[in-house]
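**Student:** Next comes query.csv, CSV, C-alpha atoms:
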chain,number,residue,atom,x,y,z
U,1,MET,CA,-29.2,3.4,4.6
U,2,THR,CA,-26.2,1.2,5.4
U,3,THR,CA,-26.4,-0.7,8.6
U,4,PRO,CA,-23.7,0.5,11.0
U,5,ARG,CA,-21.3,-1.8,12.7
U,6,MET,CA,-20.9,-1.2,16.4
U,7,GLN,CA,-17.7,-1.5,18.5
U,8,LEU,CA,-17.6,-1.6,22.3
U,9,VAL,CA,-14.6,0.1,23.8
U,10,LEU,CA,-13.4,-2.0,26.7
U,11,SER,CA,-10.5,0.2,27.7
U,12,GLU,CA,-10.7,2.9,30.4
U,13,ASN,CA,-13.9,1.7,32.0
U,14,TRP,CA,-12.4,2.0,35.5
U,15,THR,CA,-15.4,3.9,37.0
U,16,MET,CA,-17.2,0.6,36.7
U,17,THR,CA,-14.4,-1.9,37.4
U,18,GLY,CA,-10.8,-1.9,38.5
U,19,GLY,CA,-7.7,-3.0,36.6
U,20,ARG,CA,-6.6,-5.9,38.8
U,21,ALA,CA,-8.7,-8.8,40.2
U,22,ASP,CA,-11.9,-8.0,38.4
U,23,LEU,CA,-10.5,-8.1,34.8
U,24,PRO,CA,-12.8,-11.1,34.2
U,25,THR,CA,-15.6,-8.5,34.3
U,26,VAL,CA,-14.2,-6.9,31.1
U,27,ILE,CA,-14.1,-10.3,29.5
U,28,ARG,CA,-17.8,-10.9,30.4
U,29,TRP,CA,-18.7,-7.5,28.9
U,30,ALA,CA,-17.2,-8.7,25.6
U,31,ARG,CA,-19.4,-11.8,25.6
U,32,GLU,CA,-22.4,-9.7,26.5
U,33,ALA,CA,-21.6,-7.3,23.6
U,34,GLU,CA,-21.5,-10.3,21.2
U,35,ASP,CA,-24.8,-11.6,22.5
U,36,ALA,CA,-26.4,-8.1,22.0
U,37,GLY,CA,-25.3,-8.0,18.4
U,38,PHE,CA,-22.1,-5.8,18.6
U,39,ASP,CA,-19.7,-6.5,15.8
U,40,SER,CA,-16.4,-5.9,17.6
U,41,VAL,CA,-14.7,-5.0,20.9
U,42,MET,CA,-11.7,-2.8,21.3
U,43,ILE,CA,-8.9,-2.6,23.8
U,44,SER,CA,-6.0,0.0,23.7
U,45,GLU,CA,-2.7,-0.1,25.5
U,46,HIS,CA,0.1,1.6,27.3
U,47,ILE,CA,3.0,-0.3,28.8
U,48,VAL,CA,3.9,2.2,31.4
U,49,LEU,CA,2.9,5.8,32.1
U,50,GLY,CA,5.0,8.7,33.3
U,51,PRO,CA,4.4,12.2,34.6
U,52,ASP,CA,3.7,13.4,31.1
U,53,ALA,CA,0.4,11.3,31.1
U,54,GLY,CA,-1.2,14.1,33.1
U,55,ALA,CA,0.9,17.1,32.0
U,56,GLY,CA,-2.1,18.8,30.5
U,57,GLY,CA,-4.4,18.4,33.5
U,58,VAL,CA,-6.4,15.3,34.4
U,59,MET,CA,-9.8,14.9,32.6
U,60,GLY,CA,-12.6,16.5,34.5
U,61,ASN,CA,-15.0,13.5,34.3
U,62,PRO,CA,-13.2,10.1,34.8
U,63,ARG,CA,-15.6,8.5,32.3
U,64,ASP,CA,-14.2,10.5,29.4
U,65,TYR,CA,-11.6,9.2,27.0
U,66,ALA,CA,-8.0,9.1,27.9
U,67,LEU,CA,-6.1,11.5,25.6
U,68,PRO,CA,-2.5,12.7,25.4
U,69,GLY,CA,-1.7,14.5,28.7
U,70,ASN,CA,-5.1,14.3,30.3
U,71,GLN,CA,-4.9,11.1,32.5
U,72,ASP,CA,-3.7,10.2,36.0
U,73,PRO,CA,-0.4,8.2,35.6
U,74,HIS,CA,-1.9,5.6,38.0
U,75,THR,CA,-4.5,4.7,35.3
U,76,PRO,CA,-4.5,0.9,34.8
U,77,TRP,CA,-3.5,-0.4,31.4
U,78,PRO,CA,-3.6,-4.2,31.4
U,79,ASN,CA,-1.9,-6.0,28.5
U,80,SER,CA,-4.4,-5.6,25.6
U,81,LEU,CA,-3.3,-8.7,23.6
U,82,ILE,CA,-3.6,-11.0,26.6
U,83,LEU,CA,-7.1,-9.6,27.4
U,84,LEU,CA,-8.1,-10.0,23.8
U,85,SER,CA,-6.9,-13.6,23.8
U,86,ALA,CA,-9.1,-14.3,26.8
U,87,ILE,CA,-12.0,-12.7,25.0
U,88,ALA,CA,-11.3,-14.8,21.9
U,89,ALA,CA,-11.6,-17.9,24.0
U,90,VAL,CA,-15.2,-17.1,25.3
U,91,THR,CA,-16.6,-15.6,22.1
U,92,ASP,CA,-17.4,-17.0,18.6
U,93,ARG,CA,-18.1,-14.1,16.3
U,94,VAL,CA,-17.2,-10.7,17.7
U,95,GLY,CA,-14.2,-8.9,16.1
U,96,LEU,CA,-11.1,-8.2,18.2
U,97,ALA,CA,-9.6,-4.7,17.8
U,98,ALA,CA,-6.2,-4.2,19.3
U,99,SER,CA,-6.2,-0.4,19.1
U,100,ALA,CA,-3.2,1.8,19.6
U,101,VAL,CA,-0.6,-1.0,19.8
U,102,ILE,CA,2.6,0.9,20.3
U,103,ALA,CA,4.7,-1.1,17.8
U,104,PRO,CA,8.1,0.7,18.2
U,105,LEU,CA,8.3,-0.3,21.8
U,106,ARG,CA,8.8,-4.0,20.8
U,107,HIS,CA,10.9,-5.9,18.3
U,108,PRO,CA,8.9,-6.5,15.2
U,109,LEU,CA,9.4,-10.2,15.1
U,110,LEU,CA,8.2,-10.6,18.7
U,111,LEU,CA,5.1,-8.4,18.1
U,112,ALA,CA,4.4,-10.3,14.8
U,113,ARG,CA,4.5,-13.5,16.8
U,114,GLU,CA,2.0,-12.3,19.4
U,115,LEU,CA,-0.4,-10.7,16.8
U,116,GLY,CA,-0.2,-13.8,14.5
U,117,THR,CA,-0.9,-16.2,17.3
U,118,LEU,CA,-3.9,-14.1,18.4
U,119,ASP,CA,-5.2,-13.9,14.9
U,120,LEU,CA,-4.8,-17.7,14.5
U,121,LEU,CA,-6.4,-18.4,17.9
U,122,SER,CA,-9.4,-16.2,17.0
U,123,GLU,CA,-9.7,-17.6,13.4
U,124,GLY,CA,-9.0,-14.3,11.7
U,125,ARG,CA,-11.0,-12.0,14.0
U,126,LEU,CA,-8.1,-9.6,14.8
U,127,THR,CA,-7.7,-6.0,13.7
U,128,VAL,CA,-4.6,-4.2,14.8
U,129,LEU,CA,-4.1,-0.4,15.0
U,130,PRO,CA,-0.3,0.0,15.2
U,131,ASN,CA,0.8,3.4,16.1
U,132,VAL,CA,3.6,5.5,17.6
U,133,SER,CA,1.7,7.1,20.5
U,134,TRP,CA,2.7,10.3,22.2
U,135,SER,CA,4.4,9.7,25.6
U,136,ARG,CA,8.1,10.6,25.7
U,137,ASP,CA,8.2,9.2,29.2
U,138,GLU,CA,7.0,5.8,28.0
U,139,TYR,CA,9.7,5.7,25.3
U,140,ALA,CA,12.4,6.8,27.7
U,141,ALA,CA,11.4,4.1,30.3
U,142,LEU,CA,11.7,1.4,27.6
U,143,GLY,CA,14.9,2.8,26.1
U,144,VAL,CA,13.5,3.5,22.7
U,145,PRO,CA,14.4,6.8,21.0
U,146,PHE,CA,11.2,8.9,20.7
U,147,SER,CA,12.4,10.7,17.6
U,148,ARG,CA,12.7,7.5,15.6
U,149,ARG,CA,9.3,6.1,16.4
U,150,GLY,CA,7.9,6.8,12.9
U,151,ARG,CA,10.8,5.1,11.2
U,152,LEU,CA,10.5,2.1,13.6
U,153,LEU,CA,6.8,1.7,12.8
U,154,ASP,CA,7.5,1.7,9.1
U,155,GLU,CA,10.1,-1.1,9.6
U,156,HIS,CA,7.6,-3.1,11.7
U,157,LEU,CA,5.1,-2.9,8.9
U,158,GLU,CA,7.6,-3.9,6.2
U,159,ILE,CA,8.8,-6.9,8.3
U,160,TRP,CA,5.3,-8.0,9.2
U,161,ALA,CA,4.4,-8.1,5.5
U,162,LYS,CA,7.4,-10.4,5.0
U,163,VAL,CA,6.8,-12.8,7.8
U,164,TRP,CA,3.2,-13.4,6.8
U,165,GLY,CA,4.6,-14.8,3.6
U,166,PRO,CA,6.8,-17.8,2.9
U,167,SER,CA,9.7,-18.7,5.2
U,168,PRO,CA,12.6,-18.2,5.4
U,169,VAL,CA,12.6,-14.3,5.7
U,170,SER,CA,15.6,-11.9,5.7
U,171,HIS,CA,15.6,-8.2,6.5
U,172,ASP,CA,18.4,-5.6,6.6
U,173,SER,CA,17.5,-2.0,7.5
U,174,GLU,CA,18.4,0.9,9.7
U,175,HIS,CA,17.1,-0.6,13.0
U,176,TYR,CA,16.4,-4.3,12.4
U,177,SER,CA,18.5,-7.0,10.6
U,178,PHE,CA,18.1,-10.8,10.5
U,179,GLN,CA,18.8,-13.6,8.1
U,180,ASP,CA,16.9,-16.7,7.1
U,181,VAL,CA,14.2,-16.5,9.8
U,182,TYR,CA,11.5,-19.2,9.8
U,183,PHE,CA,8.3,-17.8,11.1
U,184,GLU,CA,5.7,-20.5,11.8
U,185,PRO,CA,2.8,-20.8,12.3
U,186,LYS,CA,1.5,-17.9,10.2
U,187,ALA,CA,-1.5,-15.8,11.0
U,188,HIS,CA,-4.9,-17.0,10.1
U,189,ARG,CA,-5.2,-14.9,7.0
U,190,PRO,CA,-2.5,-15.3,4.3
U,191,ASP,CA,-1.7,-11.6,4.5
U,192,GLY,CA,-1.9,-11.4,8.3
U,193,PRO,CA,-4.3,-9.6,10.7
U,194,ARG,CA,-6.3,-6.7,9.4
U,195,LEU,CA,-4.4,-3.4,9.9
U,196,CYS,CA,-6.1,-0.1,10.9
U,197,PHE,CA,-4.4,3.3,11.1
U,198,GLY,CA,-5.6,6.5,12.8
U,199,GLY,CA,-4.8,9.5,14.9
U,200,ALA,CA,-5.1,13.2,14.8
U,201,GLY,CA,-4.9,14.9,11.4
U,202,MET,CA,-4.1,13.5,8.0
U,203,HIS,CA,-0.4,13.6,7.8
U,204,ASP,CA,1.6,12.2,4.9
U,205,ALA,CA,2.9,9.2,6.7
U,206,MET,CA,-0.5,8.0,7.8
U,207,VAL,CA,-1.9,8.3,4.3
U,208,ARG,CA,1.1,6.3,3.0
U,209,ARG,CA,0.6,3.6,5.6
U,210,ILE,CA,-3.2,3.3,5.0
U,211,VAL,CA,-2.8,3.1,1.2
U,212,ARG,CA,-0.1,0.5,1.4
U,213,TYR,CA,-1.2,-1.7,4.3
U,214,GLY,CA,-4.5,-0.5,5.7
U,215,HIS,CA,-7.9,-2.2,5.9
U,216,ALA,CA,-9.4,0.5,8.2
U,217,PHE,CA,-9.1,4.1,9.2
U,218,ASN,CA,-9.9,5.3,12.7
U,219,PRO,CA,-9.4,9.1,13.0
U,220,LEU,CA,-9.2,10.9,16.3
U,221,GLY,CA,-11.9,13.5,16.4
U,222,LYS,CA,-13.7,15.0,13.4
U,223,VAL,CA,-12.1,14.6,9.9
U,224,LYS,CA,-12.0,17.6,7.6
U,225,PRO,CA,-13.7,16.9,4.2
U,226,GLU,CA,-10.4,17.9,2.5
U,227,ASP,CA,-8.5,15.4,4.5
U,228,MET,CA,-10.9,12.6,3.6
U,229,GLN,CA,-10.6,13.6,0.0
U,230,THR,CA,-6.8,13.5,0.3
U,231,LEU,CA,-7.1,9.9,1.4
U,232,LYS,CA,-9.6,9.0,-1.3
U,233,THR,CA,-7.3,10.4,-4.0
U,234,ALA,CA,-4.3,8.5,-2.7
U,235,MET,CA,-6.3,5.3,-2.5
U,236,ALA,CA,-7.5,5.7,-6.1
U,237,ALA,CA,-4.0,6.6,-7.3
U,238,ALA,CA,-2.8,3.3,-5.8
U,239,GLY,CA,-5.6,1.3,-7.5
U,240,ARG,CA,-7.3,0.6,-4.2
U,241,ASP,CA,-11.1,0.6,-3.9
U,242,TRP,CA,-12.3,3.1,-1.3
U,243,ALA,CA,-15.3,0.9,-0.5
U,244,ASP,CA,-12.9,-1.7,0.9
U,245,LEU,CA,-11.7,0.6,3.6
U,246,GLU,CA,-13.6,0.5,7.0
U,247,ILE,CA,-14.0,4.0,8.3
U,248,ILE,CA,-14.4,4.1,12.1
U,249,GLY,CA,-16.3,6.9,13.8
U,250,GLY,CA,-17.6,7.3,17.3
U,251,THR,CA,-20.2,8.7,19.6
U,252,ARG,CA,-19.7,12.1,21.2
U,253,ALA,CA,-20.6,11.9,24.9
U,254,VAL,CA,-21.5,15.2,26.5
U,255,PHE,CA,-21.2,15.2,30.3
U,256,PRO,CA,-23.5,17.6,32.3
U,257,ASP,CA,-20.9,17.7,35.0
U,258,ASP,CA,-17.8,15.9,36.3
U,259,THR,CA,-19.8,13.3,38.3
U,260,SER,CA,-22.5,12.2,35.9
U,261,CYS,CA,-22.9,10.0,32.9
U,262,ALA,CA,-23.7,11.3,29.4
U,263,ASP,CA,-27.0,10.9,27.7
U,264,LEU,CA,-26.9,8.0,25.3
U,265,ALA,CA,-29.6,9.3,22.9
U,266,GLN,CA,-27.7,12.5,22.4
U,267,ALA,CA,-24.4,10.7,21.8
U,268,LEU,CA,-25.9,8.5,19.1
U,269,GLU,CA,-27.6,11.3,17.1
U,270,PRO,CA,-24.6,12.0,14.8
U,271,ILE,CA,-24.5,8.4,13.5
U,272,PRO,CA,-26.8,8.8,10.5
U,273,GLU,CA,-24.8,11.9,9.4
U,274,GLN,CA,-21.5,10.0,9.7
U,275,LEU,CA,-23.0,7.1,7.8
U,276,ALA,CA,-23.8,9.5,4.9
U,277,GLN,CA,-20.1,10.7,5.0
U,278,GLY,CA,-18.9,7.1,4.5
U,279,PHE,CA,-18.3,6.0,8.1
U,280,THR,CA,-19.2,2.3,8.7
U,281,THR,CA,-18.3,1.4,12.3
U,282,PHE,CA,-19.0,3.3,15.5
U,283,CYS,CA,-17.3,3.1,18.9
U,284,VAL,CA,-19.2,3.3,22.1
U,285,LYS,CA,-17.5,3.3,25.6
U,286,PRO,CA,-20.0,2.0,28.1
U,287,SER,CA,-18.7,3.8,31.2
U,288,GLN,CA,-19.6,7.1,29.6
U,289,PHE,CA,-23.3,6.1,29.9
U,290,THR,CA,-23.6,3.8,32.9
U,291,ASP,CA,-22.0,3.2,36.3
U,292,ASP,CA,-23.4,-0.3,36.6
U,293,PRO,CA,-20.9,-3.1,35.8
U,294,ASN,CA,-23.8,-5.6,35.8
U,295,GLY,CA,-25.8,-3.5,33.4
U,296,VAL,CA,-23.4,-3.5,30.4
U,297,GLY,CA,-25.4,-6.3,28.6
U,298,ALA,CA,-28.6,-4.3,28.9
U,299,PHE,CA,-26.7,-1.2,27.8
U,300,CYS,CA,-25.5,-3.0,24.7
U,301,ARG,CA,-28.9,-4.1,23.8
U,302,GLU,CA,-30.3,-0.6,24.2
U,303,VAL,CA,-27.5,0.8,22.0
U,304,MET,CA,-28.4,-1.7,19.2
U,305,ARG,CA,-32.1,-0.9,19.6
U,306,ARG,CA,-31.5,2.8,19.3
U,307,VAL,CA,-29.1,2.5,16.4
U,308,GLU,CA,-31.5,0.3,14.5
U,309,SER,CA,-34.2,2.9,15.0
U,310,LEU,CA,-32.0,5.8,13.9
U,311,THR,CA,-30.9,4.1,10.7
U,312,ALA,CA,-34.1,2.3,9.7
Would you kindly transcribe this structure into structure tokens?

**Tutor:**
Amino acid sequence: MTTPRMQLVLSENWTMTGGRADLPTVIRWAREAEDAGFDSVMISEHIVLGPDAGAGGVMGNPRDYALPGNQDPHTPWPNSLILLSAIAAVTDRVGLAASAVIAPLRHPLLLARELGTLDLLSEGRLTVLPNVSWSRDEYAALGVPFSRRGRLLDEHLEIWAKVWGPSPVSHDSEHYSFQDVYFEPKAHRPDGPRLCFGGAGMHDAMVRRIVRYGHAFNPLGKVKPEDMQTLKTAMAAAGRDWADLEIIGGTRAVFPDDTSCADLAQALEPIPEQLAQGFTTFCVKPSQFTDDPNGVGAFCREVMRRVESLTA
């Protein structure tokens, strides 16, 4: 059986640590995850939240994942790229996953500069999941039309592909235009940071982006077999090898009530089945299973021990 790659989710762990003065704790967890044998760490983002963050009712157990409409608008969201830069400085091997980078809220040249610098600093350890997100309030606060977010993301991807190549670069499209831009230094890899795409469902735009630019696929929730086949067919039609695509799954924490942690053994049980389906990497969020900020290193070692036992 293929050995799974494990990713520690460092966002949304505020039941163990806050979002202000103790952010160095999050950086320490990344170092502990690397020491335990984890392959990568992940941090997501929001720039601001509005009332629509909790429009669907706040999650019952604060250890659960933040989803569209289920979180308190006061939830901390520190800058993911700055945190990953700090993590890059104190680690040597672990991959850096900038998940859910809301690309349309920035100018593509500015975001390319930030991503390229982090990839260069980390010597090619960066994977980016650019997406459009879901919060109309967040778009309104930043003055970006929510209805254009998909087209804006597509232009980001087109521009990034240009700036990773030779300078100067020019671009003229619906939303962004510039001439003879010199973009130096480049990212560590000649084609830029690894790109991951994901979300709910298998819509046409996501398939198109994965096929053209993607190195990884991170779905939200379970993937229907027919959706996975759609992606496989599109990859094959484009001459791309399915085996080259990292497929990211996750653990499924079940909370006995709104005040308790989930059972780790139960959450890890689906990993062998997901491996058989083609998943290669699995996300684990530590605060779902422990309330001890000083116990994350031991938790990571326990995860690795259990996963090795499950897949031996």

**Student:** Given only C-alpha atoms, how would the per-residue table for stretch 188-264 of chain U near stretch 126-134 of chain U read, listing every residue at most 8 Å away with its closest atom pair and distance in Å to one decimal, sorted by chain and number, as a Markdown table?

**Tutor:**
| residue | atom | partner | partner_atom | distance |
| --- | --- | --- | --- | --- |
| U:Pro193 | CA | U:Leu126 | CA | 5.6 |
| U:Arg194 | CA | U:Thr127 | CA | 4.6 |
| U:Leu195 | CA | U:Val128 | CA | 5.0 |
| U:Cys196 | CA | U:Leu129 | CA | 4.6 |
| U:Phe197 | CA | U:Leu129 | CA | 5.4 |
| U:Gly198 | CA | U:Leu129 | CA | 7.4 |

**Student:** List every protein, DNA or RNA residue that has an atom no more than 10 Å from (0.2, 0.2, 26.4) in the file's coordinate frame, counting all atoms listed in the file, and report them as an MDAnalysis selection string.

**Tutor:** chainID U and resid 43:49 76:81 99:103 105 133 138

**Student:** So the first atom is atom CA of U:Ile210 and the second is atom CA of U:Leu120; what is the distance between them in Å, to one decimal place?

**Tutor:**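 For atom CA of U:Ile210 relative to atom CA of U:Leu120, the distance reads 23.1 Å.
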
**Student:** Hey, which of U:Met228, U:Leu220, U:Met16, U:Ala161 ends up closest to U:Pro62? Count all atoms listed in the file.

**Tutor:**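 Going through U:Met228, U:Leu220, U:Met16, U:Ala161 one by one, the smallest distance to U:Pro62 is for U:Met16.
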
**Student:** Looking at all atoms listed in the file, which of U:Pro286, U:Pro225, U:Gly199, U:Gly250 is the one that sits closest to U:Phe299?

**Tutor:** U:Pro286

**Student:** I want to know what sits within 12 Å of U:Arg212, based on all atoms listed in the file, with residues of the same chain fewer than 3 positions away left out; could you give that as a PyMOL selection string?

**Tutor:** chain U and resi 154+157-158+161+195-197+205-209+215-216+231+234-240+245

**Student:** Quick one: pull the distance between atom CA of U:Ile87 and atom CA of U:Met59, Å, one decimal.

**Tutor:**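 One can read the atom CA of U:Ile87 to atom CA of U:Met59 distance as 28.7 Å.
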
**Student:** List the residues sitting within 7 Å of (-24.5, 12.1, 22.1) in the file's frame, using only C-alpha atoms, as an MDAnalysis selection string.

**Tutor:** chainID U and resid 251:254 263:269

**Student:** With C-alpha atoms retained, write the just-selected residues as a tab-separated table (two decimals), in the frame of the given file.

**Tutor:**
chain	number	residue	atom	x	y	z
U	251	THR	CA	-20.20	8.70	19.60
U	252	ARG	CA	-19.70	12.10	21.20
U	253	ALA	CA	-20.60	11.90	24.90
U	254	VAL	CA	-21.50	15.20	26.50
U	263	ASP	CA	-27.00	10.90	27.70
U	264	LEU	CA	-26.90	8.00	25.30
U	265	ALA	CA	-29.60	9.30	22.90
U	266	GLN	CA	-27.70	12.50	22.40
U	267	ALA	CA	-24.40	10.70	21.80
U	268	LEU	CA	-25.90	8.50	19.10
U	269	GLU	CA	-27.60	11.30	17.10

**Student:** By how many Å are atom CA of U:Ile271 and atom CA of U:Ser122 apart?

**Tutor:**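 Going from atom CA of U:Ile271 over to atom CA of U:Ser122, I get 29.1 Å.
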
**Student:** Excluding U:Asp227 and any residue of its chain fewer than 4 positions from it, enumerate the residues within 10 Å of it, using only C-alpha atoms, and give them as a PyMOL selection string.

**Tutor:** chain U and resi 201-203+207+223+231-233

**Student:** Looking at U:Cys261, U:Ile82, U:Ala88, U:Ala312, which one is nearest to U:Thr3, with distances taken over only C-alpha atoms?

**Tutor:**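 Checking each of U:Cys261, U:Ile82, U:Ala88, U:Ala312 against U:Thr3, counting only C-alpha atoms, the winner is U:Ala312.
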
**Student:** List as number ranges by chain the protein and nucleic acid residues near U:His156, meaning an atom at most 10 Å away when only C-alpha atoms are counted, but skip any in the same chain fewer than 2 places from it.

**Tutor:** U: 103-104, 106-109, 111-112, 130, 150-154, 158-162, 175-176

**Student:** Need the shell around U:Phe183: protein/DNA/RNA residues with any atom at most 9 Å away, counting all atoms listed in the file. Skip same-chain ones fewer than 5 positions apart. Format as a PyMOL selection string?

**Tutor:** chain U and resi 109+113+163-169

**Student:** Write the residues you've just listed into a file as a PDB file, keeping the file's coordinate frame, and include C-alpha atoms for each of them.

**Tutor:**
ATOM      1  CA  LEU U 109       9.400 -10.200  15.100  1.00  0.00           C
ATOM      2  CA  ARG U 113       4.500 -13.500  16.800  1.00  0.00           C
ATOM      3  CA  VAL U 163       6.800 -12.800   7.800  1.00  0.00           C
ATOM      4  CA  TRP U 164       3.200 -13.400   6.800  1.00  0.00           C
ATOM      5  CA  GLY U 165       4.600 -14.800   3.600  1.00  0.00           C
ATOM      6  CA  PRO U 166       6.800 -17.800   2.900  1.00  0.00           C
ATOM      7  CA  SER U 167       9.700 -18.700   5.200  1.00  0.00           C
ATOM      8  CA  PRO U 168      12.600 -18.200   5.400  1.00  0.00           C
ATOM      9  CA  VAL U 169      12.600 -14.300   5.700  1.00  0.00           C
TER      10      VAL U 169
END

**Student:** Let me make sure I understand: among U:Gly295, U:Gly69, U:Gly19, U:Pro51, which one has the smallest atom-to-atom distance to U:Leu83 if we use all atoms listed in the file?

**Tutor:** U:Gly19

**Student:** Do you know which residues are at most 10 Å from U:Ser40 counting all atoms listed in the file, after dropping those on the same chain fewer than 2 positions away, and could you put them as a PDB file with C-alpha atoms, in the frame of the given file?

**Tutor:**
ATOM      1  CA  ARG U   5     -21.300  -1.800  12.700  1.00  0.00           C
ATOM      2  CA  MET U   6     -20.900  -1.200  16.400  1.00  0.00           C
ATOM      3  CA  GLN U   7     -17.700  -1.500  18.500  1.00  0.00           C
ATOM      4  CA  LEU U   8     -17.600  -1.600  22.300  1.00  0.00           C
ATOM      5  CA  VAL U   9     -14.600   0.100  23.800  1.00  0.00           C
ATOM      6  CA  ALA U  30     -17.200  -8.700  25.600  1.00  0.00           C
ATOM      7  CA  ALA U  33     -21.600  -7.300  23.600  1.00  0.00           C
ATOM      8  CA  GLU U  34     -21.500 -10.300  21.200  1.00  0.00           C
ATOM      9  CA  GLY U  37     -25.300  -8.000  18.400  1.00  0.00           C
ATOM     10  CA  PHE U  38     -22.100  -5.800  18.600  1.00  0.00           C
ATOM     11  CA  MET U  42     -11.700  -2.800  21.300  1.00  0.00           C
ATOM     12  CA  ARG U  93     -18.100 -14.100  16.300  1.00  0.00           C
ATOM     13  CA  VAL U  94     -17.200 -10.700  17.700  1.00  0.00           C
ATOM     14  CA  GLY U  95     -14.200  -8.900  16.100  1.00  0.00           C
ATOM     15  CA  LEU U  96     -11.100  -8.200  18.200  1.00  0.00           C
ATOM     16  CA  ALA U  97      -9.600  -4.700  17.800  1.00  0.00           C
ATOM     17  CA  ARG U 125     -11.000 -12.000  14.000  1.00  0.00           C
ATOM     18  CA  LEU U 126      -8.100  -9.600  14.800  1.00  0.00           C
ATOM     19  CA  THR U 127      -7.700  -6.000  13.700  1.00  0.00           C
ATOM     20  CA  THR U 281     -18.300   1.400  12.300  1.00  0.00           C
ATOM     21  CA  PHE U 282     -19.000   3.300  15.500  1.00  0.00           C
ATOM     22  CA  CYS U 283     -17.300   3.100  18.900  1.00  0.00           C
TER      23      CYS U 283
END
